[in-house]
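Novice: The following file, coords_34.pdb, comprises PDB, C-alpha atoms, pLDDT in the B column:
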```
MODEL        1
ATOM      1  CA  MET A   1      54.747   8.208-108.504  1.00 92.00           C
ATOM      2  CA  ILE A   2      55.443   4.677-107.342  1.00 97.00           C
ATOM      3  CA  LYS A   3      53.244   2.079-105.760  1.00 97.00           C
ATOM      4  CA  LEU A   4      54.089  -1.283-104.199  1.00 98.00           C
ATOM      5  CA  ILE A   5      51.643  -4.184-104.289  1.00 98.00           C
ATOM      6  CA  ASN A   6      51.968  -7.149-101.945  1.00 97.00           C
ATOM      7  CA  THR A   7      50.996 -10.251-103.903  1.00 97.00           C
ATOM      8  CA  ILE A   8      50.669 -14.008-103.699  1.00 95.00           C
ATOM      9  CA  GLU A   9      50.561 -16.385-106.645  1.00 91.00           C
ATOM     10  CA  VAL A  10      47.161 -17.978-107.200  1.00 85.00           C
ATOM     11  CA  SER A  11      46.946 -20.578-109.963  1.00 77.00           C
ATOM     12  CA  PRO A  12      43.292 -20.624-111.090  1.00 67.00           C
ATOM     13  CA  LEU A  13      43.292 -24.319-111.976  1.00 66.00           C
ATOM     14  CA  LYS A  14      44.538 -25.320-108.532  1.00 73.00           C
ATOM     15  CA  TYR A  15      41.753 -23.502-106.726  1.00 66.00           C
ATOM     16  CA  SER A  16      38.866 -23.868-109.151  1.00 59.00           C
ATOM     17  CA  LYS A  17      35.817 -25.757-107.907  1.00 55.00           C
ATOM     18  CA  GLU A  18      35.253 -27.145-111.420  1.00 55.00           C
ATOM     19  CA  GLU A  19      37.311 -29.347-113.720  1.00 60.00           C
ATOM     20  CA  TYR A  20      38.637 -27.736-116.875  1.00 57.00           C
ATOM     21  CA  GLU A  21      40.394 -29.459-119.727  1.00 63.00           C
ATOM     22  CA  LEU A  22      43.456 -27.591-120.909  1.00 57.00           C
ATOM     23  CA  PRO A  23      44.327 -27.623-124.620  1.00 58.00           C
ATOM     24  CA  ASP A  24      46.754 -30.340-125.672  1.00 68.00           C
ATOM     25  CA  ALA A  25      49.900 -28.937-127.249  1.00 62.00           C
ATOM     26  CA  SER A  26      49.750 -31.625-129.959  1.00 71.00           C
ATOM     27  CA  ASP A  27      46.441 -30.154-131.156  1.00 73.00           C
ATOM     28  CA  TYR A  28      47.988 -26.701-131.499  1.00 69.00           C
ATOM     29  CA  PRO A  29      51.412 -26.964-133.150  1.00 76.00           C
ATOM     30  CA  ASP A  30      51.669 -23.181-133.240  1.00 77.00           C
ATOM     31  CA  ALA A  31      52.649 -21.957-129.762  1.00 71.00           C
ATOM     32  CA  ASP A  32      50.691 -18.711-130.136  1.00 75.00           C
ATOM     33  CA  ASP A  33      47.524 -20.630-131.058  1.00 73.00           C
ATOM     34  CA  TRP A  34      47.958 -22.898-128.038  1.00 64.00           C
ATOM     35  CA  TYR A  35      48.468 -19.923-125.716  1.00 61.00           C
ATOM     36  CA  ARG A  36      45.334 -18.157-127.030  1.00 67.00           C
ATOM     37  CA  LYS A  37      43.312 -21.323-126.417  1.00 64.00           C
ATOM     38  CA  TRP A  38      44.848 -21.691-122.959  1.00 59.00           C
ATOM     39  CA  GLU A  39      43.889 -18.077-122.134  1.00 61.00           C
ATOM     40  CA  GLU A  40      40.342 -18.771-123.348  1.00 63.00           C
ATOM     41  CA  VAL A  41      40.004 -21.661-120.891  1.00 61.00           C
ATOM     42  CA  ILE A  42      41.566 -19.734-118.000  1.00 56.00           C
ATOM     43  CA  SER A  43      39.325 -16.722-118.639  1.00 57.00           C
ATOM     44  CA  LYS A  44      36.279 -18.864-117.793  1.00 57.00           C
ATOM     45  CA  LEU A  45      37.495 -19.288-114.237  1.00 55.00           C
ATOM     46  CA  ASP A  46      35.983 -16.741-111.896  1.00 58.00           C
ATOM     47  CA  LEU A  47      37.442 -16.906-108.418  1.00 62.00           C
ATOM     48  CA  GLY A  48      36.069 -13.577-107.240  1.00 65.00           C
ATOM     49  CA  PHE A  49      39.323 -11.639-107.567  1.00 69.00           C
ATOM     50  CA  HIS A  50      41.638 -10.505-110.334  1.00 76.00           C
ATOM     51  CA  THR A  51      45.343 -10.809-111.017  1.00 80.00           C
ATOM     52  CA  ILE A  52      47.522  -7.705-111.326  1.00 86.00           C
ATOM     53  CA  LYS A  53      47.671  -8.143-115.103  1.00 83.00           C
ATOM     54  CA  LYS A  54      46.204 -10.420-117.740  1.00 72.00           C
ATOM     55  CA  ASP A  55      49.128 -12.833-118.122  1.00 71.00           C
ATOM     56  CA  SER A  56      49.939 -13.168-114.416  1.00 80.00           C
ATOM     57  CA  TYR A  57      48.867 -15.337-111.479  1.00 82.00           C
ATOM     58  CA  LEU A  58      49.859 -12.645-108.956  1.00 90.00           C
ATOM     59  CA  VAL A  59      46.996 -11.315-106.845  1.00 90.00           C
ATOM     60  CA  ASP A  60      47.028  -8.320-104.492  1.00 94.00           C
ATOM     61  CA  ILE A  61      46.520  -9.770-100.989  1.00 96.00           C
ATOM     62  CA  GLU A  62      44.279  -6.815-100.122  1.00 95.00           C
ATOM     63  CA  THR A  63      41.746  -7.883-102.791  1.00 90.00           C
ATOM     64  CA  ILE A  64      41.215 -11.461-101.568  1.00 90.00           C
ATOM     65  CA  ASP A  65      38.072 -11.747 -99.458  1.00 89.00           C
ATOM     66  CA  GLU A  66      37.625 -14.121 -96.506  1.00 92.00           C
ATOM     67  CA  GLU A  67      35.746 -16.784 -98.461  1.00 87.00           C
ATOM     68  CA  ASN A  68      38.418 -17.050-101.134  1.00 86.00           C
ATOM     69  CA  LEU A  69      41.248 -16.854 -98.626  1.00 92.00           C
ATOM     70  CA  GLN A  70      39.714 -19.777 -96.720  1.00 92.00           C
ATOM     71  CA  MET A  71      39.434 -21.728 -99.977  1.00 87.00           C
ATOM     72  CA  ILE A  72      43.106 -21.076-100.736  1.00 89.00           C
ATOM     73  CA  LEU A  73      44.202 -22.102 -97.247  1.00 94.00           C
ATOM     74  CA  GLU A  74      42.115 -25.284 -97.186  1.00 91.00           C
ATOM     75  CA  THR A  75      43.469 -26.333-100.575  1.00 88.00           C
ATOM     76  CA  ASP A  76      47.087 -25.641 -99.649  1.00 92.00           C
ATOM     77  CA  LEU A  77      46.827 -27.412 -96.299  1.00 93.00           C
ATOM     78  CA  GLN A  78      45.646 -30.598 -98.011  1.00 90.00           C
ATOM     79  CA  GLU A  79      49.211 -30.953 -99.297  1.00 87.00           C
ATOM     80  CA  ILE A  80      50.772 -30.521 -95.842  1.00 91.00           C
ATOM     81  CA  ASP A  81      51.467 -33.036 -93.073  1.00 93.00           C
ATOM     82  CA  LEU A  82      50.433 -30.790 -90.197  1.00 90.00           C
ATOM     83  CA  GLU A  83      52.344 -32.924 -87.721  1.00 91.00           C
ATOM     84  CA  LYS A  84      55.493 -31.731 -89.509  1.00 93.00           C
ATOM     85  CA  PHE A  85      54.259 -28.209 -90.281  1.00 93.00           C
ATOM     86  CA  GLU A  86      57.492 -26.483 -89.247  1.00 93.00           C
ATOM     87  CA  ASP A  87      59.299 -28.253 -92.088  1.00 93.00           C
ATOM     88  CA  GLU A  88      56.489 -28.444 -94.612  1.00 94.00           C
ATOM     89  CA  VAL A  89      54.575 -25.142 -94.563  1.00 95.00           C
ATOM     90  CA  PRO A  90      56.110 -22.806 -97.171  1.00 94.00           C
ATOM     91  CA  ALA A  91      55.656 -19.083 -97.555  1.00 96.00           C
ATOM     92  CA  PHE A  92      53.199 -18.156-100.289  1.00 96.00           C
ATOM     93  CA  ALA A  93      54.831 -17.785-103.694  1.00 96.00           C
ATOM     94  CA  GLY A  94      54.720 -14.173-104.838  1.00 96.00           C
ATOM     95  CA  GLY A  95      56.128 -11.013-103.315  1.00 97.00           C
ATOM     96  CA  ILE A  96      56.361  -7.284-103.909  1.00 97.00           C
ATOM     97  CA  VAL A  97      55.366  -5.753-107.234  1.00 98.00           C
ATOM     98  CA  LEU A  98      56.699  -2.270-108.015  1.00 98.00           C
ATOM     99  CA  THR A  99      54.769   0.058-110.313  1.00 97.00           C
ATOM    100  CA  GLN A 100      55.589   3.581-111.422  1.00 96.00           C
ATOM    101  CA  ASN A 101      52.883   5.762-112.971  1.00 94.00           C
ATOM    102  CA  ASP A 102      50.710   2.614-113.197  1.00 92.00           C
ATOM    103  CA  LYS A 103      53.367   0.739-115.213  1.00 96.00           C
ATOM    104  CA  ILE A 104      54.565  -2.545-113.738  1.00 96.00           C
ATOM    105  CA  LEU A 105      58.361  -2.479-113.531  1.00 97.00           C
ATOM    106  CA  ILE A 106      59.328  -5.250-111.100  1.00 97.00           C
ATOM    107  CA  VAL A 107      57.457  -8.476-110.318  1.00 96.00           C
ATOM    108  CA  PRO A 108      58.569 -11.475-108.249  1.00 95.00           C
ATOM    109  CA  SER A 109      60.428 -14.122-110.250  1.00 92.00           C
ATOM    110  CA  CYS A 110      60.639 -17.907-110.054  1.00 91.00           C
ATOM    111  CA  CYS A 111      61.082 -19.106-106.445  1.00 91.00           C
ATOM    112  CA  GLY A 112      60.246 -15.674-105.028  1.00 93.00           C
ATOM    113  CA  ASN A 113      57.857 -15.593-102.095  1.00 96.00           C
ATOM    114  CA  ILE A 114      55.959 -13.186 -99.888  1.00 96.00           C
ATOM    115  CA  GLY A 115      58.746 -13.331 -97.304  1.00 94.00           C
ATOM    116  CA  ASN A 116      61.072 -11.518 -99.711  1.00 95.00           C
ATOM    117  CA  ILE A 117      59.698  -8.253 -98.321  1.00 95.00           C
ATOM    118  CA  GLU A 118      62.796  -8.496 -96.115  1.00 95.00           C
ATOM    119  CA  GLU A 119      64.944  -8.096 -99.241  1.00 95.00           C
ATOM    120  CA  TRP A 120      63.189  -4.798-100.000  1.00 97.00           C
ATOM    121  CA  GLN A 121      63.823  -3.668 -96.437  1.00 96.00           C
ATOM    122  CA  ARG A 122      67.545  -4.300 -96.991  1.00 96.00           C
ATOM    123  CA  ILE A 123      67.505  -1.598 -99.678  1.00 98.00           C
ATOM    124  CA  LEU A 124      66.646   0.971 -97.026  1.00 97.00           C
ATOM    125  CA  ASP A 125      69.107  -0.493 -94.521  1.00 97.00           C
ATOM    126  CA  ASN A 126      71.958  -0.590 -97.058  1.00 96.00           C
ATOM    127  CA  LYS A 127      74.488   2.170 -96.358  1.00 95.00           C
ATOM    128  CA  THR A 128      76.616   1.802 -99.496  1.00 95.00           C
ATOM    129  CA  SER A 129      76.200   3.315-102.957  1.00 95.00           C
ATOM    130  CA  ASP A 130      77.518   0.161-104.630  1.00 94.00           C
ATOM    131  CA  TRP A 131      75.384  -2.142-106.737  1.00 96.00           C
ATOM    132  CA  SER A 132      73.687  -4.829-104.649  1.00 95.00           C
ATOM    133  CA  ASP A 133      71.388  -7.686-105.576  1.00 94.00           C
ATOM    134  CA  LEU A 134      67.681  -7.723-104.783  1.00 95.00           C
ATOM    135  CA  TRP A 135      66.544 -11.312-104.339  1.00 93.00           C
ATOM    136  CA  ILE A 136      63.013 -11.584-105.712  1.00 94.00           C
ATOM    137  CA  GLY A 137      63.473 -15.024-107.231  1.00 92.00           C
ATOM    138  CA  HIS A 138      65.395 -15.877-110.379  1.00 91.00           C
ATOM    139  CA  PRO A 139      66.234 -13.916-112.469  1.00 93.00           C
ATOM    140  CA  TRP A 140      66.964 -11.144-109.998  1.00 89.00           C
ATOM    141  CA  VAL A 141      67.608  -7.425-110.318  1.00 95.00           C
ATOM    142  CA  PHE A 142      70.305  -5.132-108.926  1.00 96.00           C
ATOM    143  CA  TYR A 143      69.979  -1.768-107.232  1.00 97.00           C
ATOM    144  CA  ARG A 144      72.128   1.057-105.929  1.00 97.00           C
ATOM    145  CA  LYS A 145      71.417   4.245-103.987  1.00 97.00           C
ATOM    146  CA  GLN A 146      72.493   7.609-105.379  1.00 96.00           C
ATOM    147  CA  ASN A 147      71.574  11.060-104.014  1.00 95.00           C
ATOM    148  CA  GLY A 148      68.277  10.047-102.432  1.00 97.00           C
ATOM    149  CA  LYS A 149      67.315   7.827-105.366  1.00 98.00           C
ATOM    150  CA  VAL A 150      67.217   4.062-105.676  1.00 98.00           C
ATOM    151  CA  GLN A 151      68.288   2.948-109.140  1.00 98.00           C
ATOM    152  CA  PHE A 152      67.325  -0.452-110.543  1.00 98.00           C
ATOM    153  CA  SER A 153      68.774  -2.628-113.289  1.00 96.00           C
ATOM    154  CA  ASP A 154      66.949  -4.904-115.683  1.00 95.00           C
ATOM    155  CA  TYR A 155      66.432  -8.571-114.778  1.00 95.00           C
ATOM    156  CA  SER A 156      69.619 -10.626-114.979  1.00 92.00           C
ATOM    157  CA  ASP A 157      70.563 -14.303-115.138  1.00 90.00           C
ATOM    158  CA  LEU A 158      74.084 -13.293-114.129  1.00 88.00           C
ATOM    159  CA  ASN A 159      75.023 -12.764-110.510  1.00 86.00           C
ATOM    160  CA  LEU A 160      76.565  -9.542-109.271  1.00 86.00           C
ATOM    161  CA  LYS A 161      80.148 -10.801-109.599  1.00 84.00           C
ATOM    162  CA  GLU A 162      79.584 -11.869-113.206  1.00 86.00           C
ATOM    163  CA  PHE A 163      77.766  -8.709-114.331  1.00 83.00           C
ATOM    164  CA  THR A 164      80.353  -6.075-115.334  1.00 79.00           C
ATOM    165  CA  ASP A 165      78.207  -3.510-117.164  1.00 87.00           C
ATOM    166  CA  ILE A 166      75.049  -2.836-115.155  1.00 93.00           C
ATOM    167  CA  LYS A 167      72.753  -0.228-116.687  1.00 95.00           C
ATOM    168  CA  VAL A 168      70.139   1.797-114.826  1.00 97.00           C
ATOM    169  CA  ILE A 169      66.665   1.071-116.211  1.00 97.00           C
ATOM    170  CA  PHE A 170      64.696   3.328-113.843  1.00 98.00           C
ATOM    171  CA  GLU A 171      64.966   5.043-110.474  1.00 98.00           C
ATOM    172  CA  VAL A 172      62.634   5.964-107.609  1.00 98.00           C
ATOM    173  CA  ASP A 173      62.795   8.307-104.646  1.00 98.00           C
ATOM    174  CA  GLU A 174      64.094   6.461-101.598  1.00 98.00           C
ATOM    175  CA  SER A 175      61.597   8.309 -99.387  1.00 98.00           C
ATOM    176  CA  GLU A 176      58.710   7.173-101.597  1.00 98.00           C
ATOM    177  CA  LEU A 177      59.979   3.605-101.488  1.00 98.00           C
ATOM    178  CA  LYS A 178      60.160   3.729 -97.701  1.00 98.00           C
ATOM    179  CA  ASN A 179      56.597   5.042 -97.378  1.00 98.00           C
ATOM    180  CA  GLU A 180      55.261   2.342 -99.688  1.00 98.00           C
ATOM    181  CA  LEU A 181      57.227  -0.389 -97.954  1.00 98.00           C
ATOM    182  CA  ASP A 182      55.838   0.693 -94.582  1.00 97.00           C
ATOM    183  CA  LYS A 183      52.346   0.195 -96.043  1.00 97.00           C
ATOM    184  CA  MET A 184      53.285  -3.264 -97.339  1.00 97.00           C
ATOM    185  CA  LYS A 185      54.532  -4.332 -93.909  1.00 96.00           C
ATOM    186  CA  LYS A 186      51.187  -3.354 -92.397  1.00 96.00           C
ATOM    187  CA  HIS A 187      49.339  -5.224 -95.154  1.00 97.00           C
ATOM    188  CA  GLN A 188      51.434  -8.321 -94.529  1.00 96.00           C
ATOM    189  CA  ILE A 189      50.840  -8.255 -90.769  1.00 96.00           C
ATOM    190  CA  LYS A 190      47.117  -7.784 -91.397  1.00 97.00           C
ATOM    191  CA  PHE A 191      47.221 -10.717 -93.857  1.00 98.00           C
ATOM    192  CA  LYS A 192      48.879 -12.891 -91.213  1.00 97.00           C
ATOM    193  CA  HIS A 193      46.156 -12.025 -88.677  1.00 97.00           C
ATOM    194  CA  ARG A 194      43.439 -12.845 -91.220  1.00 98.00           C
ATOM    195  CA  ILE A 195      45.026 -16.235 -91.909  1.00 98.00           C
ATOM    196  CA  THR A 196      45.331 -16.960 -88.188  1.00 98.00           C
ATOM    197  CA  GLU A 197      41.642 -16.261 -87.635  1.00 98.00           C
ATOM    198  CA  ILE A 198      40.581 -18.462 -90.556  1.00 98.00           C
ATOM    199  CA  LEU A 199      42.817 -21.325 -89.393  1.00 97.00           C
ATOM    200  CA  LYS A 200      41.279 -21.074 -85.918  1.00 97.00           C
ATOM    201  CA  LYS A 201      37.812 -21.081 -87.480  1.00 97.00           C
ATOM    202  CA  ILE A 202      38.525 -24.337 -89.345  1.00 96.00           C
ATOM    203  CA  ASN A 203      40.151 -25.843 -86.225  1.00 96.00           C
ATOM    204  CA  VAL A 204      43.755 -26.003 -87.397  1.00 96.00           C
ATOM    205  CA  GLU A 205      46.189 -26.351 -84.511  1.00 95.00           C
ATOM    206  CA  ASN A 206      49.255 -24.090 -84.297  1.00 95.00           C
ATOM    207  CA  SER A 207      47.368 -21.500 -86.352  1.00 96.00           C
ATOM    208  CA  GLU A 208      49.539 -18.595 -85.184  1.00 96.00           C
ATOM    209  CA  ARG A 209      52.813 -20.259 -86.170  1.00 95.00           C
ATOM    210  CA  ILE A 210      51.451 -21.629 -89.458  1.00 96.00           C
ATOM    211  CA  SER A 211      50.209 -18.177 -90.481  1.00 96.00           C
ATOM    212  CA  GLU A 212      53.636 -16.781 -89.637  1.00 96.00           C
ATOM    213  CA  LEU A 213      55.314 -19.359 -91.882  1.00 96.00           C
ATOM    214  CA  MET A 214      52.849 -18.791 -94.721  1.00 96.00           C
ATOM    215  CA  THR A 215      53.430 -15.044 -94.700  1.00 97.00           C
ATOM    216  CA  GLY A 216      57.186 -15.161 -94.155  1.00 93.00           C
ATOM    217  CA  LEU A 217      56.942 -12.906 -91.112  1.00 88.00           C
ATOM    218  CA  GLY A 218      59.522 -14.650 -88.954  1.00 65.00           C
ATOM    219  CA  THR A 219      62.043 -11.805 -88.808  1.00 50.00           C
ATOM    220  CA  LEU A 220      60.277  -8.811 -90.380  1.00 50.00           C
ATOM    221  CA  HIS A 221      61.151  -5.534 -88.640  1.00 47.00           C
TER     222      HIS A 221
ENDMDL
END
```
How does the structure come out when it is put into structure tokens?

Specialist:
Amino acid sequence: MIKLINTIEVSPLKYSKEEYELPDASDYPDADDWYRKWEEVISKLDLGFHTIKKDSYLVDIETIDEENLQMILETDLQEIDLEKFEDEVPAFAGGIVLTQNDKILIVPSCCGNIGNIEEWQRILDNKTSDWSDLWIGHPWVFYRKQNGKVQFSDYSDLNLKEFTDIKVIFEVDESELKNELDKMKKHQIKFKHRITEILKKINVENSERISELMTGLGTLH
């Protein structure tokens, strides 16, 4: 049984109301010791929601309440020249997470964002049975459709032309994927509406368009 989770990346230090001092690498020559100390500091931050797993900054958009969403928006907008919002407002980092039997199998990679839901839609629209790339950031994964199944590769630093021996790591029912993706589209549209209402509440002009940019909903169908 598969499940998709629509996520954004929330760095706890960026949004914390308090100042925290991170461990200096020079004080912890062993990388594992430094990471344990770093986790100890991060664990003290309580933002009212939880990431999808312990070592991740990805948060299910459905679990973020209005207070925390407003905090995130206000913090992000401080970095934006709203007179140039069309060029400066990015989509939230993050994207779709795929789990199967409660095991996380695919998470967004570096440079992935919430707008990459369109890439997942292309899986369903794809009419070929050839391997294709799924852009979720870098590294990416490849997929192909076979007999009602969608098969996925492992993550790869190679592009599709360079990869000559792609192995199937797992597969899912295409019908299940479609049902889950339909849910994610609804979640994303709902998330956009929530952002619009908060931006109106805090008197941000062009709230509708800014929320569209933040959620990557420009061409979602």

Novice: Tell me, as a list in words, which residues lie within 6 Å of segment 98-115 of chain A, counting all atoms listed in the file; anything in the same chain fewer than 6 positions away does not count.

Specialist: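 Skipping anything fewer than 6 positions along the chain leaves Met1, Ile2, Lys3, Leu4, Phe92, Ile136, Gly137, His138 and Gly216 of chain A.
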
Novice: Please work out which residues fall within 8 Å of (69.1, -9.0, -108.3), coordinates as given in the file, with only C-alpha atoms counting, and return them as a PDB file with C-alpha atoms, keeping the file's coordinate frame.

Specialist:
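Saved to part-v9.pdb:
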```pdb
ATOM      1  CA  SER A 132      73.687  -4.829-104.649  1.00 95.00           C
ATOM      2  CA  ASP A 133      71.388  -7.686-105.576  1.00 94.00           C
ATOM      3  CA  LEU A 134      67.681  -7.723-104.783  1.00 95.00           C
ATOM      4  CA  TRP A 135      66.544 -11.312-104.339  1.00 93.00           C
ATOM      5  CA  ILE A 136      63.013 -11.584-105.712  1.00 94.00           C
ATOM      6  CA  PRO A 139      66.234 -13.916-112.469  1.00 93.00           C
ATOM      7  CA  TRP A 140      66.964 -11.144-109.998  1.00 89.00           C
ATOM      8  CA  VAL A 141      67.608  -7.425-110.318  1.00 95.00           C
ATOM      9  CA  PHE A 142      70.305  -5.132-108.926  1.00 96.00           C
ATOM     10  CA  TYR A 143      69.979  -1.768-107.232  1.00 97.00           C
ATOM     11  CA  TYR A 155      66.432  -8.571-114.778  1.00 95.00           C
ATOM     12  CA  SER A 156      69.619 -10.626-114.979  1.00 92.00           C
ATOM     13  CA  ASN A 159      75.023 -12.764-110.510  1.00 86.00           C
ATOM     14  CA  LEU A 160      76.565  -9.542-109.271  1.00 86.00           C
TER      15      LEU A 160
END
```

Novice: By how many Å are atom CA of Gly95 of chain A and atom CA of Lys167 of chain A apart?

Specialist: 23.9 Å

Novice: When you count all atoms listed in the file, which of these residues is closest to Glu180 of chain A: A:Ile117, A:Thr164, A:Val59, A:Asn126?

Specialist: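 Closest to Glu180 of chain A of all the choices is A:Ile117.
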
Novice: What is the distance, in Å and to one decimal place, between atom CA of Val204 of chain A and atom CA of Lys183 of chain A?

Specialist: 28.9 Å

Novice: Just want the 9 Å neighbourhood of segment 197-201 of chain A, counted on all atoms listed in the file, with same-chain residues fewer than 2 positions away dropped. Output as JSON, numbers by chain.

Specialist: {"A": [66, 69, 70, 73, 74, 192, 193, 194, 195, 203, 204, 205, 206, 207, 208, 210, 211]}

Novice: Would you output that residue set with C-alpha atoms, as a short mmCIF file (atom, residue, chain, number, x, y, z; two decimals), in the coordinates of the input?

Specialist:
```cif
data_model
loop_
_atom_site.label_atom_id
_atom_site.label_comp_id
_atom_site.auth_asym_id
_atom_site.auth_seq_id
_atom_site.Cartn_x
_atom_site.Cartn_y
_atom_site.Cartn_z
CA GLU A 66 37.62 -14.12 -96.51
CA LEU A 69 41.25 -16.85 -98.63
CA GLN A 70 39.71 -19.78 -96.72
CA LEU A 73 44.20 -22.10 -97.25
CA GLU A 74 42.12 -25.28 -97.19
CA LYS A 192 48.88 -12.89 -91.21
CA HIS A 193 46.16 -12.02 -88.68
CA ARG A 194 43.44 -12.84 -91.22
CA ILE A 195 45.03 -16.24 -91.91
CA ASN A 203 40.15 -25.84 -86.22
CA VAL A 204 43.76 -26.00 -87.40
CA GLU A 205 46.19 -26.35 -84.51
CA ASN A 206 49.26 -24.09 -84.30
CA SER A 207 47.37 -21.50 -86.35
CA GLU A 208 49.54 -18.60 -85.18
CA ILE A 210 51.45 -21.63 -89.46
CA SER A 211 50.21 -18.18 -90.48
#
```

Novice: Could you spell out the hits of the PyMOL selection byres ((chain A and resi 187) around 12) on the shown file, as a PyMOL selection string?

Specialist: chain A and resi 4-7+60-63+96+114+117+180-186+188-194+215+217

Novice: Could you check which residues have any atom within 8 Å of (66.6, -2.1, -116.6), counting all atoms listed in the file with coordinates taken straight from the file, and then list them as an mmCIF file with C-alpha atoms, keeping the file's coordinate frame?

Specialist:
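result19.cif, freshly written:
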```cif
data_model
loop_
_atom_site.group_PDB
_atom_site.id
_atom_site.type_symbol
_atom_site.label_atom_id
_atom_site.label_comp_id
_atom_site.auth_asym_id
_atom_site.auth_seq_id
_atom_site.Cartn_x
_atom_site.Cartn_y
_atom_site.Cartn_z
ATOM 1 C CA PHE A 152 67.325 -0.452 -110.543
ATOM 2 C CA SER A 153 68.774 -2.628 -113.289
ATOM 3 C CA ASP A 154 66.949 -4.904 -115.683
ATOM 4 C CA TYR A 155 66.432 -8.571 -114.778
ATOM 5 C CA LYS A 167 72.753 -0.228 -116.687
ATOM 6 C CA VAL A 168 70.139 1.797 -114.826
ATOM 7 C CA ILE A 169 66.665 1.071 -116.211
ATOM 8 C CA PHE A 170 64.696 3.328 -113.843
#
```

Novice: With all atoms listed in the file as the basis for distance, which of A:Leu213, A:Ile72, A:Ile8, A:Lys178 is at the shortest distance from Arg122 of chain A?

Specialist: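 Using all atoms listed in the file, the shortest distance to Arg122 of chain A belongs to A:Lys178.
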
Novice: Report, in Å with one decimal, the straight-line distance from atom CA of Gln151 of chain A to atom CA of Val172 of chain A.

Specialist: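 Distance between the two atoms: 6.6 Å.
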
Novice: Neighbours of Asp76 of chain A within 12 Å (all atoms listed in the file; same-chain residues fewer than 4 positions away dropped), as a list in words?

Specialist: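 The contact residues come out as Val10, Ser11, Lys14, Tyr15, Leu69, Gln70, Met71, Ile72, Ile80, Asp81, Leu82, Glu88, Val89, Pro90, Ala91, Phe92, Ala93, Leu199, Ile210 and Met214 of chain A.
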
Novice: Which residue, A:Glu176, A:Ala31, A:Asp125, A:Ser26, has the smallest gap to Lys149 of chain A when you use all atoms listed in the file?

Specialist: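 Smallest distance to Lys149 of chain A is found for A:Glu176.
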
Novice: Applied to the shown file, which residues does the PyMOL selection byres ((chain A and resi 127) around 12) return, written as a PyMOL selection string?

Specialist: chain A and resi 122-126+128-132+144-146+148+150
